[in-house]
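Undergrad: Structure file upload.cif (mmCIF, C-alpha atoms and all ligand atoms) right here:
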```cif
data_my_file
loop_
_atom_site.label_atom_id
_atom_site.label_comp_id
_atom_site.auth_asym_id
_atom_site.auth_seq_id
_atom_site.Cartn_x
_atom_site.Cartn_y
_atom_site.Cartn_z
CA MET A 1285 207.41 -32.87 29.87
CA THR A 1286 208.25 -34.47 33.20
CA PHE A 1287 210.70 -33.07 35.68
CA LEU A 1288 212.94 -36.07 35.08
CA SER A 1289 212.97 -35.55 31.35
CA ILE A 1290 213.93 -31.90 31.84
CA LEU A 1291 216.84 -33.04 33.94
CA ALA A 1292 217.80 -35.63 31.38
CA CYS A 1293 217.73 -32.99 28.73
CA ALA A 1294 219.85 -30.63 30.74
CA ALA A 1295 222.50 -33.33 30.79
CA CYS A 1296 221.62 -34.03 27.19
CA VAL A 1297 221.49 -37.73 27.06
CA CYS A 1298 218.48 -37.34 24.85
CA ALA A 1299 219.75 -37.47 21.29
CA GLY A 1300 217.13 -38.47 18.79
CA ALA A 1301 213.95 -36.84 17.68
CA ASP A 1302 211.69 -39.37 19.41
CA SER A 1303 213.03 -38.66 22.88
CA THR A 1304 210.40 -37.16 25.19
CA CYS A 1305 212.79 -34.50 26.44
CA CYS A 1306 213.06 -33.10 22.94
CA ALA A 1307 209.32 -32.47 22.88
CA SER A 1308 209.30 -28.67 22.71
CA THR A 1309 210.44 -26.84 19.60
CA ALA A 1310 213.21 -24.91 21.32
CA GLN A 1311 214.27 -27.92 23.38
CA SER A 1312 214.78 -30.02 20.25
CA LEU A 1313 217.35 -27.49 19.03
CA ILE A 1314 219.09 -27.37 22.40
CA CYS A 1315 219.29 -31.15 22.32
CA ASN A 1316 220.77 -31.16 18.81
CA LEU A 1317 223.42 -28.64 19.86
CA ALA A 1318 224.28 -30.44 23.07
CA ASP A 1319 224.37 -33.77 21.30
CA ALA A 1320 226.83 -32.42 18.73
CA ALA A 1321 229.16 -31.08 21.41
CA GLU A 1322 228.85 -34.30 23.41
CA HIS A 1323 230.06 -36.23 20.36
CA GLY A 1324 232.96 -33.89 19.70
CA ARG A 1325 231.27 -32.21 16.74
CA PHE A 1326 230.21 -28.62 16.09
CA TYR A 1327 228.06 -26.69 13.65
CA PHE A 1328 229.96 -24.32 11.39
CA GLY A 1329 228.02 -21.10 10.89
CA HIS A 1330 228.21 -18.29 8.34
CA HIS A 1331 226.28 -15.03 8.43
CA ASP A 1332 223.95 -14.22 5.49
CA ASP A 1333 225.37 -17.26 3.70
CA THR A 1334 222.67 -17.77 1.06
CA ALA A 1335 221.67 -14.11 0.63
CA TYR A 1336 224.79 -12.79 -1.07
CA GLY A 1337 228.51 -13.38 -1.41
CA ARG A 1338 231.56 -11.75 -2.88
CA ASP A 1339 230.23 -11.36 -6.40
CA TRP A 1340 226.59 -12.37 -6.36
CA GLN A 1341 223.34 -11.67 -4.56
CA TYR A 1342 220.07 -13.57 -4.32
CA VAL A 1343 220.95 -16.37 -6.70
CA GLU A 1344 218.86 -19.47 -6.03
CA GLY A 1345 220.91 -22.10 -4.19
CA ALA A 1346 224.10 -20.01 -4.12
CA SER A 1347 226.50 -19.83 -1.16
CA ASP A 1348 230.20 -18.94 -0.98
CA VAL A 1349 230.64 -21.89 1.40
CA LYS A 1350 228.90 -24.30 -0.95
CA ALA A 1351 230.87 -23.01 -3.95
CA LEU A 1352 234.04 -24.27 -2.26
CA THR A 1353 232.90 -27.30 -0.31
CA GLY A 1354 229.83 -28.60 -2.12
CA ARG A 1355 227.82 -28.20 1.09
CA TYR A 1356 226.10 -25.46 3.04
CA PRO A 1357 227.25 -24.46 6.51
CA GLY A 1358 225.53 -26.47 9.26
CA MET A 1359 224.45 -23.15 10.76
CA MET A 1360 222.96 -20.15 8.98
CA SER A 1361 223.18 -16.79 10.72
CA TRP A 1362 220.86 -13.82 10.12
CA ASP A 1363 220.22 -10.38 11.61
CA LEU A 1364 216.96 -8.68 12.57
CA GLY A 1365 218.20 -5.08 12.44
CA MET A 1366 215.37 -2.87 11.05
CA ILE A 1367 212.60 -5.31 11.98
CA GLU A 1368 211.94 -2.85 14.80
CA LEU A 1369 210.87 -0.23 12.25
CA ALA A 1370 208.66 -2.77 10.48
CA SER A 1371 210.96 -2.58 7.45
CA ASP A 1372 210.69 -5.44 4.97
CA LYS A 1373 214.50 -5.64 4.65
CA ASN A 1374 217.19 -5.75 7.31
CA LEU A 1375 220.08 -3.33 7.77
CA ASP A 1376 222.15 -5.17 5.16
CA GLY A 1377 219.30 -5.34 2.66
CA VAL A 1378 218.20 -8.93 3.38
CA PRO A 1379 214.40 -9.24 2.98
CA PHE A 1380 212.80 -10.74 6.09
CA SER A 1381 210.62 -12.96 3.91
CA PHE A 1382 213.79 -14.39 2.33
CA MET A 1383 215.28 -14.94 5.79
CA ALA A 1384 212.23 -16.84 7.04
CA THR A 1385 212.26 -19.09 3.97
CA GLU A 1386 215.97 -19.76 4.33
CA ILE A 1387 215.60 -20.64 8.01
CA SER A 1388 212.93 -23.15 7.13
CA ARG A 1389 215.07 -24.56 4.31
CA GLN A 1390 218.01 -24.88 6.66
CA GLN A 1391 215.91 -26.98 9.03
CA ALA A 1392 214.94 -29.23 6.11
CA ARG A 1393 218.65 -29.71 5.38
CA GLY A 1394 219.22 -30.85 8.96
CA GLY A 1395 220.97 -27.61 9.86
CA VAL A 1396 220.33 -24.91 12.45
CA SER A 1397 219.91 -21.14 12.39
CA THR A 1398 220.99 -18.30 14.64
CA ILE A 1399 219.75 -14.72 14.69
CA SER A 1400 221.39 -11.56 16.00
CA TRP A 1401 219.78 -8.15 16.21
CA HIS A 1402 221.30 -4.73 15.53
CA PRO A 1403 218.32 -2.52 16.39
CA ARG A 1404 218.30 1.26 16.04
CA ASN A 1405 218.85 3.43 19.10
CA PRO A 1406 215.30 4.17 20.31
CA ALA A 1407 216.44 7.38 22.03
CA THR A 1408 218.06 8.98 18.97
CA GLY A 1409 216.76 7.14 15.92
CA GLY A 1410 220.39 6.41 15.03
CA ASP A 1411 221.77 2.95 14.44
CA SER A 1412 223.05 0.35 16.96
CA TRP A 1413 226.43 2.07 16.96
CA ASP A 1414 224.93 5.44 17.93
CA THR A 1415 225.95 5.75 21.56
CA SER A 1416 225.16 9.47 21.88
CA ALA A 1417 222.20 8.75 24.16
CA SER A 1418 221.68 5.82 26.53
CA PRO A 1419 218.25 4.18 26.35
CA LEU A 1420 219.23 1.89 29.24
CA GLU A 1421 219.54 4.90 31.50
CA LEU A 1422 216.76 7.00 30.01
CA MET A 1423 214.16 4.25 30.02
CA ALA A 1424 213.42 4.44 33.75
CA GLU A 1425 212.13 8.04 33.58
CA ASN A 1426 210.83 7.90 30.04
CA PRO A 1427 207.82 5.62 29.62
CA ALA A 1428 207.52 6.53 25.94
CA LEU A 1429 211.00 5.18 25.30
CA ARG A 1430 210.12 1.99 27.08
CA ASP A 1431 206.95 1.71 24.98
CA THR A 1432 209.03 2.07 21.83
CA LEU A 1433 211.42 -0.62 22.92
CA GLU A 1434 208.55 -2.94 23.84
CA LEU A 1435 207.01 -2.39 20.41
CA TRP A 1436 210.35 -3.17 18.79
CA ILE A 1437 210.81 -6.34 20.83
CA ASP A 1438 207.25 -7.38 19.96
CA ARG A 1439 208.00 -6.94 16.27
CA ALA A 1440 211.08 -9.12 16.61
CA ALA A 1441 209.02 -11.71 18.50
CA ASP A 1442 206.25 -11.68 15.87
CA PHE A 1443 208.76 -12.27 13.10
CA ILE A 1444 210.47 -15.13 14.87
CA GLY A 1445 207.15 -16.68 15.82
CA SER A 1446 206.12 -16.52 12.16
CA ILE A 1447 209.01 -18.66 10.91
CA ARG A 1448 207.42 -21.96 9.96
CA ASN A 1449 208.36 -25.03 7.98
CA ASP A 1450 206.32 -26.72 5.25
CA ALA A 1451 204.43 -28.67 7.91
CA GLY A 1452 203.30 -25.36 9.42
CA GLU A 1453 205.38 -25.83 12.58
CA ARG A 1454 207.54 -23.11 14.04
CA VAL A 1455 211.23 -23.56 13.28
CA PRO A 1456 213.52 -23.32 16.31
CA VAL A 1457 216.19 -20.63 16.13
CA ILE A 1458 218.94 -19.38 18.37
CA LEU A 1459 218.44 -15.73 19.28
CA ARG A 1460 221.46 -13.77 20.48
CA PRO A 1461 220.04 -10.42 21.54
CA TRP A 1462 222.00 -7.52 23.03
CA HIS A 1463 225.28 -9.13 22.04
CA GLU A 1464 228.81 -7.86 22.76
CA ASN A 1465 227.41 -5.83 25.62
CA SER A 1466 230.75 -5.79 27.44
CA GLY A 1467 232.08 -3.57 24.65
CA SER A 1468 231.45 0.13 24.08
CA TRP A 1469 230.32 0.15 20.43
CA PHE A 1470 226.58 -0.59 20.81
CA TRP A 1471 224.11 1.61 22.69
CA TRP A 1472 223.40 -1.31 25.07
CA GLY A 1473 227.15 -1.61 25.82
CA ALA A 1474 228.82 -1.51 29.22
CA PRO A 1475 229.49 2.26 29.48
CA TYR A 1476 225.86 3.15 28.80
CA GLY A 1477 224.05 1.53 31.70
CA THR A 1478 224.48 -0.49 34.86
CA PRO A 1479 224.69 -4.28 34.79
CA GLN A 1480 221.22 -4.35 36.32
CA GLN A 1481 219.81 -2.11 33.59
CA TYR A 1482 221.27 -4.48 31.00
CA ILE A 1483 219.81 -7.51 32.78
CA ASP A 1484 216.44 -5.76 32.92
CA LEU A 1485 216.56 -5.25 29.16
CA TRP A 1486 217.19 -8.97 28.67
CA LYS A 1487 214.40 -9.89 31.02
CA LEU A 1488 212.03 -7.49 29.29
CA THR A 1489 212.92 -9.07 25.96
CA ARG A 1490 212.35 -12.55 27.28
CA GLU A 1491 209.09 -11.57 28.97
CA ARG A 1492 207.68 -10.01 25.78
CA PHE A 1493 208.49 -13.15 23.78
CA ASP A 1494 207.07 -15.43 26.49
CA ALA A 1495 203.89 -13.34 26.78
CA LYS A 1496 203.28 -13.99 23.09
CA GLY A 1497 203.87 -17.71 23.52
CA ILE A 1498 206.88 -17.70 21.19
CA ASP A 1499 208.28 -21.15 21.91
CA ASN A 1500 210.85 -21.56 19.15
CA VAL A 1501 213.67 -19.50 20.64
CA VAL A 1502 216.89 -20.77 22.16
CA TRP A 1503 218.48 -17.87 24.01
CA ALA A 1504 222.20 -17.14 23.62
CA TYR A 1505 224.12 -14.81 25.92
CA ALA A 1506 227.21 -13.41 24.20
CA PRO A 1507 229.41 -10.72 25.72
CA ASP A 1508 232.73 -9.91 24.07
CA LYS A 1509 236.40 -10.54 24.89
CA ASP A 1510 238.90 -10.00 27.75
CA LEU A 1511 236.47 -10.80 30.54
CA THR A 1512 237.14 -12.49 33.83
CA PRO A 1513 234.40 -14.90 34.91
CA GLU A 1514 233.17 -12.23 37.34
CA GLN A 1515 232.91 -9.67 34.56
CA TYR A 1516 231.29 -12.17 32.21
CA PHE A 1517 228.61 -13.06 34.76
CA SER A 1518 228.09 -9.51 36.04
CA THR A 1519 225.52 -8.94 33.27
CA TYR A 1520 224.25 -12.52 33.06
CA PRO A 1521 220.44 -12.47 33.09
CA GLY A 1522 220.22 -15.82 34.93
CA ASP A 1523 219.95 -19.51 34.13
CA GLU A 1524 216.20 -19.27 33.66
CA TYR A 1525 216.66 -16.75 30.83
CA VAL A 1526 219.59 -18.25 28.94
CA ASP A 1527 220.22 -21.53 27.11
CA ILE A 1528 223.60 -20.90 25.51
CA LEU A 1529 226.70 -19.40 27.07
CA GLY A 1530 228.74 -17.83 24.33
CA CYS A 1531 231.13 -15.06 23.52
CA ASP A 1532 232.06 -13.03 20.46
CA ILE A 1533 235.82 -12.93 19.97
CA TYR A 1534 237.43 -11.85 16.69
CA HIS A 1535 240.94 -12.34 15.39
CA PHE A 1536 242.41 -8.96 14.47
CA ASP A 1537 245.67 -8.16 12.68
CA GLY A 1538 246.50 -11.56 11.12
CA GLU A 1539 249.76 -13.24 12.10
CA ASN A 1540 250.66 -10.32 14.42
CA GLY A 1541 247.41 -10.69 16.30
CA LEU A 1542 247.46 -14.48 16.58
CA ALA A 1543 248.87 -14.63 20.10
CA ASP A 1544 246.27 -12.14 21.36
CA PHE A 1545 243.45 -14.02 19.70
CA GLU A 1546 244.53 -17.38 21.10
CA ARG A 1547 245.08 -15.90 24.55
CA ARG A 1548 241.60 -14.38 24.50
CA LEU A 1549 240.01 -17.69 23.51
CA ASN A 1550 242.08 -19.71 25.97
CA ASP A 1551 241.26 -17.30 28.81
CA GLN A 1552 237.53 -17.21 28.24
CA LEU A 1553 236.37 -20.45 26.65
CA PRO A 1554 237.48 -22.80 29.47
CA TYR A 1555 235.27 -21.12 32.06
CA ILE A 1556 232.42 -20.67 29.60
CA ALA A 1557 232.53 -24.39 28.73
CA ALA A 1558 232.84 -25.40 32.39
CA GLU A 1559 230.02 -23.13 33.54
CA ALA A 1560 227.81 -24.26 30.67
CA SER A 1561 228.31 -27.87 31.62
CA ARG A 1562 227.71 -27.19 35.33
CA ARG A 1563 224.49 -25.30 34.59
CA GLY A 1564 223.16 -27.72 31.95
CA LYS A 1565 223.71 -25.15 29.16
CA VAL A 1566 225.32 -25.28 25.73
CA ALA A 1567 228.65 -23.50 25.10
CA ALA A 1568 229.53 -21.83 21.80
CA LEU A 1569 231.83 -19.38 20.08
CA THR A 1570 228.91 -17.27 18.95
CA GLU A 1571 230.75 -14.90 16.56
CA THR A 1572 234.30 -14.81 15.29
CA GLY A 1573 236.41 -14.51 12.19
CA LEU A 1574 239.58 -13.20 10.63
CA GLU A 1575 238.60 -10.52 8.14
CA SER A 1576 239.83 -11.36 4.61
CA VAL A 1577 241.19 -14.67 6.02
CA THR A 1578 244.70 -13.29 5.75
CA MET A 1579 246.29 -16.44 7.18
CA PRO A 1580 246.04 -19.26 4.60
CA ARG A 1581 245.86 -22.03 7.26
CA TRP A 1582 243.57 -20.15 9.68
CA TYR A 1583 240.64 -22.54 9.50
CA THR A 1584 242.53 -25.77 10.17
CA GLU A 1585 245.35 -24.49 12.35
CA VAL A 1586 243.68 -21.76 14.41
CA MET A 1587 239.92 -22.39 14.45
CA LEU A 1588 239.70 -26.18 14.35
CA PRO A 1589 242.00 -26.92 17.32
CA VAL A 1590 240.15 -24.41 19.49
CA MET A 1591 236.78 -25.90 18.64
CA LYS A 1592 238.00 -29.41 19.38
CA ARG A 1593 239.69 -28.39 22.63
CA TYR A 1594 236.60 -26.91 24.26
CA LYS A 1595 233.76 -29.09 22.93
CA LEU A 1596 231.73 -26.13 21.77
CA ALA A 1597 228.43 -26.74 19.95
CA TYR A 1598 229.05 -24.19 17.21
CA VAL A 1599 231.19 -21.44 15.83
CA CYS A 1600 229.84 -18.72 13.58
CA VAL A 1601 231.88 -16.49 11.29
CA TRP A 1602 230.58 -13.18 9.95
CA ARG A 1603 229.44 -12.25 6.47
CA ASN A 1604 231.01 -12.17 3.02
CA ALA A 1605 230.01 -8.68 1.97
CA GLN A 1606 229.87 -7.99 -1.74
CA LYS A 1607 233.22 -7.02 -3.23
CA GLN A 1608 232.00 -3.74 -4.74
CA GLN A 1609 230.56 -2.61 -1.38
CA LEU A 1610 233.23 -3.67 1.14
CA PRO A 1611 236.20 -5.27 -0.66
CA ASP A 1612 237.95 -6.63 2.45
CA HIS A 1613 234.92 -7.54 4.54
CA TYR A 1614 234.66 -11.32 4.18
CA TYR A 1615 235.32 -14.22 6.52
CA VAL A 1616 235.02 -17.27 4.25
CA PRO A 1617 237.48 -17.62 1.36
CA PHE A 1618 236.41 -17.97 -2.28
CA LYS A 1619 237.80 -19.62 -5.39
CA GLY A 1620 241.38 -18.55 -5.99
CA HIS A 1621 241.83 -17.17 -2.45
CA PRO A 1622 245.03 -18.37 -0.68
CA ALA A 1623 242.94 -19.97 2.10
CA GLU A 1624 240.65 -21.88 -0.29
CA ALA A 1625 242.22 -25.34 0.08
CA ASP A 1626 242.51 -24.99 3.84
CA PHE A 1627 238.85 -24.07 4.16
CA VAL A 1628 237.86 -27.12 2.12
CA GLU A 1629 240.01 -29.27 4.43
CA PHE A 1630 238.38 -27.69 7.50
CA ALA A 1631 234.87 -28.32 6.18
CA SER A 1632 235.66 -31.97 5.48
CA ASP A 1633 236.87 -32.64 9.01
CA PRO A 1634 234.48 -35.14 10.68
CA ALA A 1635 234.02 -32.74 13.60
CA VAL A 1636 232.57 -30.00 11.39
CA ILE A 1637 228.83 -30.13 10.78
CA MET A 1638 227.87 -29.07 7.28
CA VAL A 1639 224.64 -29.84 5.44
CA ARG A 1640 223.43 -30.61 1.89
C1 LIG B 1 229.03 -5.54 10.94
C2 LIG B 1 229.43 -5.29 9.51
C3 LIG B 1 228.45 -4.29 8.93
C4 LIG B 1 227.02 -4.83 9.07
C5 LIG B 1 226.74 -5.21 10.52
C6 LIG B 1 225.37 -5.82 10.72
O1 LIG B 1 229.91 -6.41 11.56
O2 LIG B 1 229.37 -6.49 8.78
O3 LIG B 1 228.77 -4.06 7.57
O4 LIG B 1 226.09 -3.88 8.63
O5 LIG B 1 227.72 -6.09 10.98
O6 LIG B 1 225.23 -7.00 9.99
#
```
Go ahead and render the structure in this file as structure tokens.
Ligand code: BMA

TA:
Amino acid sequence: MTFLSILACAACVCAGADSTCCASTAQSLICNLADAAEHGRFYFGHHDDTAYGRDWQYVEGASDVKALTGRYPGMMSWDLGMIELASDKNLDGVPFSFMATEISRQQARGGVSTISWHPRNPATGGDSWDTSASPLELMAENPALRDTLELWIDRAADFIGSIRNDAGERVPVILRPWHENSGSWFWWGAPYGTPQQYIDLWKLTRERFDAKGIDNVVWAYAPDKDLTPEQYFSTYPGDEYVDILGCDIYHFDGENGLADFERRLNDQLPYIAAEASRRGKVAALTETGLESVTMPRWYTEVMLPVMKRYKLAYVCVWRNAQKQQLPDHYYVPFKGHPAEADFVEFASDPAVIMVR
């Protein structure tokens, strides 16, 4: 890849698989994302879409999104939590072998995939939400803890490097590690370490992947809500470590929470989009959703205008947990739900990238 082609790609004038700037696996995905945004389109993403839904699990070809729209989401989202313990299933029971196959299938459909990671707390053995000890702070004086974390990162890297398509090539994926770090709910969150300690964790992650030659990762940085640009960038690992500038912002409390949600998006997305464009990066709303979709026109009247306004490359909503496990925990409507027709309308908008 020449220096000029890298520059061209940063500005993303390189749509099309035969372009030289799309030569590397990860770069081809960056180009697809940037090209979508450039043309006023965005990938619609759904977490665990083909693994399970409201009233099914592991049914060949099934998807709550497809059941309504006839198509799969343009973006599939998955989570690595438990890969660090070499488990064969993730924290929500999704087998990693299933995940790898689905990521390859999604590429064959012309879609893209994103991966988050809710690892255990290496200091306590608890889950991601166990903030009773701070690995970020303890790591400096505790080499064993650092070794554990390095092993965990290596396991994540090995899994991602193993995701291949039928031609035997690695499939590019977006990885969004250490997400929502501006919040206080994960052990890598803001109260549990300095900005520099967080940045060091990112760099360590990136270095371990790079040392293994894992070349199919597009790196997404995704703090949470209510951040000034200074706060947002205070934990930014640096342009050389990040490809996507994102944020995770949820809509809470339905109609009553609408003004807050829109204010949060309208405060944060303009500078994220502007900074992404200035730095040759992709901008995205990396995680969002209105639990139970309690507003029947949410998809077309709340989500769609925001996505069109800021030229973001993708938006990803969270999972449709099974009804018997978590009755209200779903972000895509289903047959008979009051938001069904609106979701179908949203998915048929020319700006929304879905796949067959
Ligand atoms: C949360 C919830 C949990 C889930 C976790 C990791 O937002 O959906 O039920 O275990 O994400 O996927």

Undergrad: For ligand LIG 1 (chain B), collect every residue having any atom at a distance of at most 12 Å from a ligand atom (counting only C-alpha atoms and all ligand atoms); output as a ChimeraX atom specification.

TA: /A:1330-1332,1361-1366,1374-1378,1399-1404,1411-1413,1463-1464,1469-1470,1532,1534,1571-1575,1601-1606,1609-1615

Undergrad: Can you work out the spacing between atom CA of A:Pro1461 and atom CA of A:Leu1569 in Å, to one decimal?

TA: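 Atom CA of A:Pro1461 sits 14.9 Å away from atom CA of A:Leu1569.
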
Undergrad: Could you jot down the atom CA of A:Leu1422 to atom CA of A:Gly1477 separation for me, Å, one decimal place?

TA: 9.3 Å

Undergrad: Would you please work out which residue, of A:Ala1568, A:Ala1557, A:Ala1543, A:Val1628, is nearest to A:Cys1531 when using only C-alpha atoms?

TA: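 So, comparing all the options, the nearest one is A:Ala1568.
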
Undergrad: Please compute the atom CA of A:Leu1588-atom CA of A:Leu1549 distance, one decimal, in Å.

TA: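 Separating atom CA of A:Leu1588 from atom CA of A:Leu1549 is a distance of 12.5 Å.
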
Undergrad: A:Thr1398: which residues within 6 Å, counting only C-alpha atoms, same-chain residues fewer than 3 positions away excluded, as a PDB file with C-alpha atoms, keeping the file's coordinate frame?

TA:
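Result went into part35.pdb, see below:
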```pdb
ATOM      1  CA  SER A1361     223.180 -16.790  10.720  1.00  0.00           C
ATOM      2  CA  VAL A1457     216.190 -20.630  16.130  1.00  0.00           C
ATOM      3  CA  ILE A1458     218.940 -19.380  18.370  1.00  0.00           C
ATOM      4  CA  LEU A1459     218.440 -15.730  19.280  1.00  0.00           C
TER       5      LEU A1459
END
```

Undergrad: Identify which of the residues A:Ala1407, A:Ala1321, A:Ala1474, A:Ala1631 lies closest to A:Pro1357, counting only C-alpha atoms when measuring atom-to-atom distances.

TA: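 Distance minimum relative to A:Pro1357 lands on A:Ala1631.
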
Undergrad: So that each row is one residue of stretch 1494-1598 of chain A with an atom at most 12 Å from stretch 1391-1397 of chain A, can you give its shortest atom pair and the distance in Å to one decimal, using only C-alpha atoms, rows by chain and rising number, as a tab-separated table?

TA:
```
residue	atom	partner	partner_atom	distance
A:Asn1500	CA	A:Ser1397	CA	11.3
A:Val1501	CA	A:Ser1397	CA	10.5
A:Val1502	CA	A:Ser1397	CA	10.2
A:Thr1570	CA	A:Ser1397	CA	11.8
A:Ala1597	CA	A:Val1396	CA	11.2
A:Tyr1598	CA	A:Val1396	CA	10.0
```
